[in-house]
>>> print(open('query00.txt').read())   # compact mmCIF, C-alpha atoms
# COMPACT_ATOMS: atom_id res chain seq x y z
CA LYS A 1362 2.43 -21.78 7.87
CA THR A 1363 4.74 -19.46 9.77
CA PRO A 1364 5.07 -15.88 8.43
CA ALA A 1365 8.55 -16.69 7.09
CA ALA A 1366 7.35 -19.87 5.37
CA SER A 1367 4.48 -18.03 3.70
CA GLY A 1368 6.77 -15.22 2.60
CA LEU A 1369 5.03 -12.66 4.82
CA LEU A 1370 7.55 -9.90 5.57
CA GLY A 1371 5.24 -7.50 7.37
CA GLN A 1372 1.62 -6.91 8.39
CA TRP A 1373 0.30 -3.70 9.92
CA ASP A 1374 -3.22 -3.68 11.40
CA PHE A 1375 -3.00 -0.27 13.15
CA ASP A 1376 -4.48 -1.47 16.43
CA GLY A 1377 -3.02 -0.32 19.72
CA GLU A 1378 -2.26 3.17 20.97
CA GLY A 1379 0.34 5.89 20.54
CA THR A 1380 2.73 6.59 17.69
CA THR A 1381 3.97 3.02 17.15
CA VAL A 1382 2.31 0.70 14.65
CA GLN A 1383 3.13 -2.92 15.39
CA ASP A 1384 4.09 -5.52 12.82
CA THR A 1385 1.70 -8.39 13.58
CA SER A 1386 3.53 -10.78 11.22
CA GLY A 1387 6.11 -11.45 13.92
CA GLN A 1388 8.93 -10.20 11.70
CA GLY A 1389 9.69 -7.20 13.89
CA ASN A 1390 9.04 -4.41 11.38
CA ALA A 1391 7.28 -1.93 13.66
CA GLY A 1392 6.80 1.59 12.32
CA GLU A 1393 6.07 5.16 13.34
CA LEU A 1394 2.46 6.28 12.93
CA HIS A 1395 1.36 9.83 12.16
CA GLY A 1396 -2.37 9.76 11.50
CA ILE A 1397 -5.79 9.30 13.05
CA ARG A 1398 -6.92 5.89 14.27
CA VAL A 1399 -10.54 5.24 13.30
CA THR A 1400 -12.95 2.32 13.25
CA GLY A 1401 -11.70 -0.06 10.57
CA ALA A 1402 -12.36 -3.39 8.93
CA PHE A 1403 -10.46 -5.25 11.66
CA GLY A 1404 -10.62 -3.26 14.87
CA LYS A 1405 -8.84 0.03 14.21
CA ALA A 1406 -7.62 1.45 10.92
CA VAL A 1407 -5.87 4.72 10.09
CA ARG A 1408 -6.80 7.85 8.19
CA PHE A 1409 -4.01 10.14 7.03
CA PRO A 1410 -4.41 13.91 7.37
CA TYR A 1411 -2.51 16.19 5.03
CA ARG A 1412 1.23 15.41 5.08
CA ALA A 1413 0.78 12.44 7.44
CA LEU A 1414 1.95 8.89 6.84
CA THR A 1415 3.27 5.76 8.51
CA ARG A 1416 6.98 5.09 8.11
CA VAL A 1417 8.54 1.63 8.63
CA PRO A 1418 12.30 0.96 8.50
CA GLY A 1419 12.84 -0.80 5.18
CA GLY A 1420 16.05 -2.77 5.61
CA ARG A 1421 14.22 -6.11 5.97
CA LEU A 1422 11.54 -5.35 3.36
CA CYS A 1423 13.69 -5.82 0.25
CA PRO A 1424 12.45 -8.79 -1.80
CA THR A 1425 14.09 -8.93 -5.23
CA LYS A 1426 12.66 -12.01 -6.98
CA ALA A 1427 8.94 -11.80 -6.14
CA LEU A 1428 6.50 -9.56 -4.29
CA THR A 1429 2.92 -9.17 -3.09
CA LEU A 1430 1.50 -5.89 -1.75
CA SER A 1431 -2.00 -5.80 -0.29
CA ALA A 1432 -4.24 -3.55 1.78
CA TRP A 1433 -7.85 -2.89 2.66
CA PHE A 1434 -8.81 0.62 1.51
CA MET A 1435 -11.86 2.81 2.03
CA SER A 1436 -12.14 6.13 0.22
CA ASP A 1437 -13.65 9.00 2.17
CA MET A 1438 -12.87 11.70 -0.41
CA PRO A 1439 -12.79 10.21 -3.92
CA ASN A 1440 -10.08 11.90 -5.96
CA TYR A 1441 -7.88 9.51 -7.87
CA THR A 1442 -6.63 11.99 -10.47
CA ILE A 1443 -3.57 13.02 -8.48
CA ASN A 1444 -0.79 10.95 -6.99
CA ARG A 1445 -1.86 9.37 -3.69
CA THR A 1446 0.24 6.58 -2.20
CA ALA A 1447 -1.10 3.53 -0.41
CA ILE A 1448 2.24 1.66 -0.08
CA ARG A 1449 5.64 2.79 -1.29
CA LYS A 1450 9.26 1.80 -0.76
CA ASP A 1451 11.01 4.30 -2.95
CA LEU A 1452 13.24 2.92 -5.68
CA SER A 1453 11.84 -0.58 -5.08
CA TYR A 1454 8.02 -0.85 -5.30
CA ALA A 1455 4.76 1.04 -4.84
CA LEU A 1456 0.97 0.79 -4.93
CA ARG A 1457 -0.57 4.19 -5.59
CA PHE A 1458 -3.43 6.11 -7.21
CA ALA A 1459 -2.88 8.54 -10.11
CA ASP A 1460 -4.71 9.63 -13.27
CA GLY A 1461 -7.95 8.03 -12.04
CA ARG A 1462 -6.40 4.55 -11.73
CA LEU A 1463 -4.50 2.34 -9.33
CA GLY A 1464 -0.86 1.76 -10.28
CA PHE A 1465 1.53 -1.02 -9.30
CA LEU A 1466 5.14 0.17 -9.75
CA LEU A 1467 8.38 -1.82 -9.68
CA TRP A 1468 11.94 -0.49 -9.94
CA HIS A 1469 14.63 -2.42 -11.86
CA GLN A 1470 18.07 -0.92 -12.48
CA GLY A 1471 16.66 2.54 -11.79
CA ARG A 1472 13.81 2.20 -14.29
CA ILE A 1473 10.11 1.70 -13.54
CA ALA A 1474 7.83 -1.07 -14.76
CA ALA A 1475 4.21 -0.02 -14.22
CA LEU A 1476 0.84 -1.75 -14.36
CA CYS A 1477 -2.22 0.50 -14.24
CA SER A 1478 -5.80 -0.54 -13.55
CA PRO A 1479 -8.90 0.47 -15.48
CA THR A 1480 -10.47 3.78 -14.45
CA ILE A 1481 -11.79 3.72 -10.89
CA ASP A 1482 -15.40 4.56 -10.10
CA TRP A 1483 -15.89 3.63 -6.47
CA LYS A 1484 -18.47 5.01 -4.08
CA ASP A 1485 -17.44 6.95 -1.00
CA GLY A 1486 -17.37 4.73 2.09
CA GLU A 1487 -16.84 1.38 0.36
CA TRP A 1488 -14.12 -0.99 1.54
CA HIS A 1489 -12.03 -2.64 -1.17
CA HIS A 1490 -9.21 -5.16 -1.00
CA LEU A 1491 -6.27 -4.08 -3.20
CA CYS A 1492 -3.48 -6.45 -4.15
CA GLY A 1493 -0.52 -6.46 -6.53
CA THR A 1494 1.64 -9.53 -7.23
CA PHE A 1495 4.90 -10.01 -9.12
CA ASP A 1496 6.55 -13.39 -9.79
CA GLY A 1497 9.69 -12.16 -11.51
CA GLN A 1498 8.10 -11.41 -14.88
CA THR A 1499 4.31 -11.12 -14.53
CA MET A 1500 2.56 -8.28 -12.71
CA VAL A 1501 -1.09 -8.71 -11.66
CA LEU A 1502 -3.47 -6.33 -9.91
CA TYR A 1503 -6.41 -7.80 -7.99
CA LEU A 1504 -9.55 -6.04 -6.78
CA ASP A 1505 -11.65 -7.70 -4.07
CA GLY A 1506 -10.01 -11.06 -4.62
CA GLU A 1507 -10.38 -11.22 -8.40
CA PRO A 1508 -7.80 -10.50 -11.16
CA TRP A 1509 -8.23 -6.94 -12.40
CA CYS A 1510 -5.44 -6.46 -14.93
CA LYS A 1511 -2.14 -8.07 -15.91
CA ARG A 1512 1.19 -7.27 -17.56
CA VAL A 1513 3.88 -9.72 -18.66
CA LEU A 1514 7.29 -8.07 -18.92
CA ASP A 1515 9.53 -8.78 -21.90
CA ALA A 1516 12.03 -10.60 -19.68
CA PRO A 1517 12.42 -11.54 -16.01
CA ILE A 1518 13.76 -8.80 -13.74
CA LEU A 1519 15.07 -8.43 -10.20
CA LEU A 1520 13.70 -5.64 -8.05
CA ASP A 1521 16.10 -2.96 -6.90
CA ALA A 1522 16.81 -3.32 -3.18
CA TYR A 1523 17.48 -0.25 -1.05
CA ALA A 1524 17.12 0.36 2.66
CA ASP A 1525 14.70 3.27 2.13
CA PRO A 1526 11.75 3.23 4.57
CA LEU A 1527 8.40 1.74 3.65
CA HIS A 1528 5.80 4.51 3.48
CA ILE A 1529 2.14 3.70 4.12
CA GLY A 1530 -0.58 6.23 3.36
CA GLY A 1531 1.53 9.03 1.94
CA TRP A 1532 4.54 10.17 -0.06
CA ARG A 1533 6.22 13.50 -0.78
CA ASN A 1534 3.90 15.31 1.67
CA MET A 1535 0.82 14.04 -0.20
CA ALA A 1536 -1.41 11.98 2.10
CA LEU A 1537 -3.78 9.28 0.90
CA ARG A 1538 -7.42 10.42 0.90
CA GLY A 1539 -9.01 7.50 2.67
CA VAL A 1540 -8.60 4.83 5.32
CA LEU A 1541 -6.18 1.88 5.29
CA ASP A 1542 -6.30 -1.37 7.23
CA ARG A 1543 -4.31 -4.62 7.26
CA VAL A 1544 -1.41 -3.66 5.00
CA ARG A 1545 0.80 -6.60 4.01
CA VAL A 1546 4.10 -7.12 2.20
CA HIS A 1547 5.08 -10.63 1.04
CA GLY A 1548 8.38 -11.66 -0.49
CA VAL A 1549 6.55 -14.12 -2.75
CA ALA A 1550 3.89 -13.76 -5.44
CA LEU A 1551 0.64 -15.08 -4.00
CA ALA A 1552 -1.29 -17.28 -6.41
CA ALA A 1553 -4.74 -16.18 -7.55
CA ALA A 1554 -6.36 -18.78 -5.30
CA ASP A 1555 -4.44 -17.43 -2.30
CA VAL A 1556 -5.45 -13.83 -3.03
CA ARG A 1557 -9.07 -14.93 -3.37
CA ALA A 1558 -8.87 -16.90 -0.13
CA GLU A 1559 -7.33 -13.95 1.72
CA PHE A 1560 -10.13 -11.70 0.54
CA ALA A 1561 -12.83 -14.21 1.46
CA ALA A 1562 -11.33 -14.84 4.90
CA THR A 1563 -11.00 -11.17 5.79
CA LYS A 1564 -13.86 -9.61 3.84
CA ALA A 1565 -14.43 -6.18 5.29
CA ARG A 1566 -17.77 -4.92 6.48
CA HIS A 1567 -18.97 -1.47 5.43
CA VAL A 1568 -18.41 0.13 8.81
CA SER A 1569 -18.27 3.67 10.05
CA SER A 1570 -14.91 5.43 9.92
CA ARG A 1571 -15.80 7.63 12.89
CA VAL A 1572 -12.73 9.26 14.42
CA ASP A 1573 -11.85 7.99 17.87
CA ALA A 1574 -10.71 11.21 19.47
CA SER A 1575 -9.04 9.39 22.34
CA THR A 1576 -6.54 7.78 19.98
CA TYR A 1577 -5.72 10.80 17.83
CA VAL A 1578 -2.02 10.83 16.99
CA ALA A 1579 -0.50 14.20 16.15
CA PHE A 1580 1.59 14.14 13.02
CA LYS A 1581 4.86 15.79 12.13
CA ASN A 1582 6.25 16.98 8.84
CA PRO A 1583 7.81 13.90 7.17
CA ALA A 1584 11.46 14.06 6.24
CA LYS A 1585 12.24 15.21 2.74
CA PRO A 1586 12.43 12.16 0.44
CA ILE A 1587 15.66 11.41 -1.39
CA GLY A 1588 16.62 9.56 -4.53
CA LEU A 1589 13.87 10.80 -6.88
CA LEU A 1590 13.91 9.49 -10.43
CA ASP A 1591 13.60 11.30 -13.74
CA THR A 1592 10.67 9.40 -15.24
CA GLY A 1593 9.34 11.82 -17.83
CA ALA A 1594 5.55 11.96 -17.96
CA LEU A 1595 4.98 9.08 -15.56
CA GLN A 1596 3.61 10.20 -12.21
CA ILE A 1597 5.48 8.38 -9.47
>>> encode(input="query00.txt", output="structure tokens")
Amino acid sequence: KTPAASGLLGQWDFDGEGTTVQDTSGQGNAGELHGIRVTGAFGKAVRFPYRALTRVPGGRLCPTKALTLSAWFMSDMPNYTINRTAIRKDLSYALRFADGRLGFLLWHQGRIAALCSPTIDWKDGEWHHLCGTFDGQTMVLYLDGEPWCKRVLDAPILLDAYADPLHIGGWRNMALRGVLDRVRVHGVALAAADVRAEFAATKARHVSSRVDASTYVAFKNPAKPIGLLDTGALQI
């Protein structure tokens, strides 16, 4: 299948050099990298120092009817009690850690629908495949190719669509504590068999995350985010 036929809107593998991260899906959604390239699951990956992130223009990353977010993640400083973002397009969707769990967040008419995983107890240095799918009413989180938790909404919803950038590895000056590789956004909900097949086909090895000093990318202070929501006690 072509990327468009499979619903793949963007894929970022973090290979290459410099401050540009290429979109290897062929959809043309290249982004700006501020982080440290390290040895990853598939060539190079990226670690995010404090206040660093990757920012991708979000105008073509606005699915409304269905969604799949996925990434390979390796923790190098386990601390899931505070808000740490893996993938986030503000006011549309996010995959992030908070309160010791992984959360999958969707925005609909300015309100958030959230699915939270069981408490995380991962060892430092382990690679895990994270995936969240949404088919219009059902949200599912997968861990290493297998269903982890599920939520069926009371009624079908459409995701809010804004042109805000896609943020990878950080949000609101809070960088992810770990390493990311092969981040993907689909405009369809992958079936369980497809998520399992993707994990099996790209199963990461437990490799060193040694910093490659020759490819260090200096980071700048990200722009102040806009459009924050009043969500009460929910950490976003």
>>> axis_aligned_box(input="query00.txt", around="segment 1475-1490 of chain A", padding_each_side="8 Å", output="JSON")
{"center_x": -7.1, "center_y": 0.9, "center_z": -6.7, "size_x": 38.7, "size_y": 28.1, "size_z": 33.6}
>>> closest_residue(input="query00.txt", among="A:Asp1485, A:Asp1542, A:Asp1376, A:Asp1451", to="Cys1423 of chain A", atoms="all atoms listed in the file")
A:Asp1451
>>> atom_distance(input="query00.txt", atom1="atom CA of Gly1497 of chain A", atom2="atom CA of Leu1414 of chain A")
29.0 Å
>>> closest_residue(input="query00.txt", among="A:Leu1504, A:Gly1371, A:His1489, A:His1469", to="Pro1418 of chain A", atoms="all atoms listed in the file")
A:Gly1371
>>> residues_around(input="query00.txt", residues="Ala1550 of chain A", least_positions_apart="3", cutoff="10 Å", atoms="only C-alpha atoms", output="PyMOL selection string")
chain A and resi 1368+1426-1430+1493-1497+1499-1501+1547+1553+1555-1556
>>> atom_distance(input="query00.txt", atom1="atom CA of Arg1538 of chain A", atom2="atom CA of Ala1447 of chain A")
9.4 Å
>>> closest_atom_pairs(input="query00.txt", of="segment 1368-1475 of chain A", to="segment 1509-1525 of chain A", cutoff="10 Å", atoms="all atoms listed in the file", output="CSV")
residue,atom,partner,partner_atom,distance
A:Arg1416,CA,A:Asp1525,CA,9.9
A:Val1417,CA,A:Asp1525,CA,9.1
A:Pro1418,CA,A:Asp1525,CA,7.2
A:Gly1419,CA,A:Ala1524,CA,5.1
A:Gly1420,CA,A:Ala1524,CA,4.4
A:Arg1421,CA,A:Ala1524,CA,7.8
A:Leu1422,CA,A:Ala1524,CA,8.0
A:Cys1423,CA,A:Ala1522,CA,5.3
A:Pro1424,CA,A:Leu1520,CA,7.1
A:Thr1425,CA,A:Leu1520,CA,4.4
A:Lys1426,CA,A:Leu1519,CA,5.4
A:Ala1427,CA,A:Leu1520,CA,8.0
A:Leu1428,CA,A:Leu1520,CA,9.0
A:Arg1449,CA,A:Asp1525,CA,9.7
A:Lys1450,CA,A:Asp1525,CA,6.3
A:Asp1451,CA,A:Asp1525,CA,6.4
A:Leu1452,CA,A:Asp1521,CA,6.7
A:Ser1453,CA,A:Asp1521,CA,5.2
A:Tyr1454,CA,A:Leu1520,CA,7.9
A:Leu1467,CA,A:Leu1520,CA,6.7
A:Trp1468,CA,A:Asp1521,CA,5.7
A:His1469,CA,A:Leu1520,CA,5.1
A:Gln1470,CA,A:Asp1521,CA,6.3
A:Gly1471,CA,A:Asp1521,CA,7.4
A:Arg1472,CA,A:Asp1521,CA,9.3
A:Ile1473,CA,A:Leu1520,CA,9.8
A:Ala1474,CA,A:Leu1514,CA,8.2
A:Ala1475,CA,A:Arg1512,CA,8.5
>>> atom_distance(input="query00.txt", atom1="atom CA of Gly1530 of chain A", atom2="atom CA of Thr1480 of chain A")
20.5 Å
>>> residues_around(input="query00.txt", residues="segment 1380-1385 of chain A", least_positions_apart="2", cutoff="12 Å", atoms="all atoms listed in the file", output="VMD selection string")
chain A and resid 1364 1369 to 1378 1387 to 1398 1405 to 1407 1413 to 1418 1529 1542 to 1546 1576 to 1581
>>> closest_residue(input="query00.txt", among="A:Glu1559, A:Ile1448, A:Ser1478, A:Gly1401", to="Asp1505 of chain A", atoms="only C-alpha atoms")
A:Glu1559
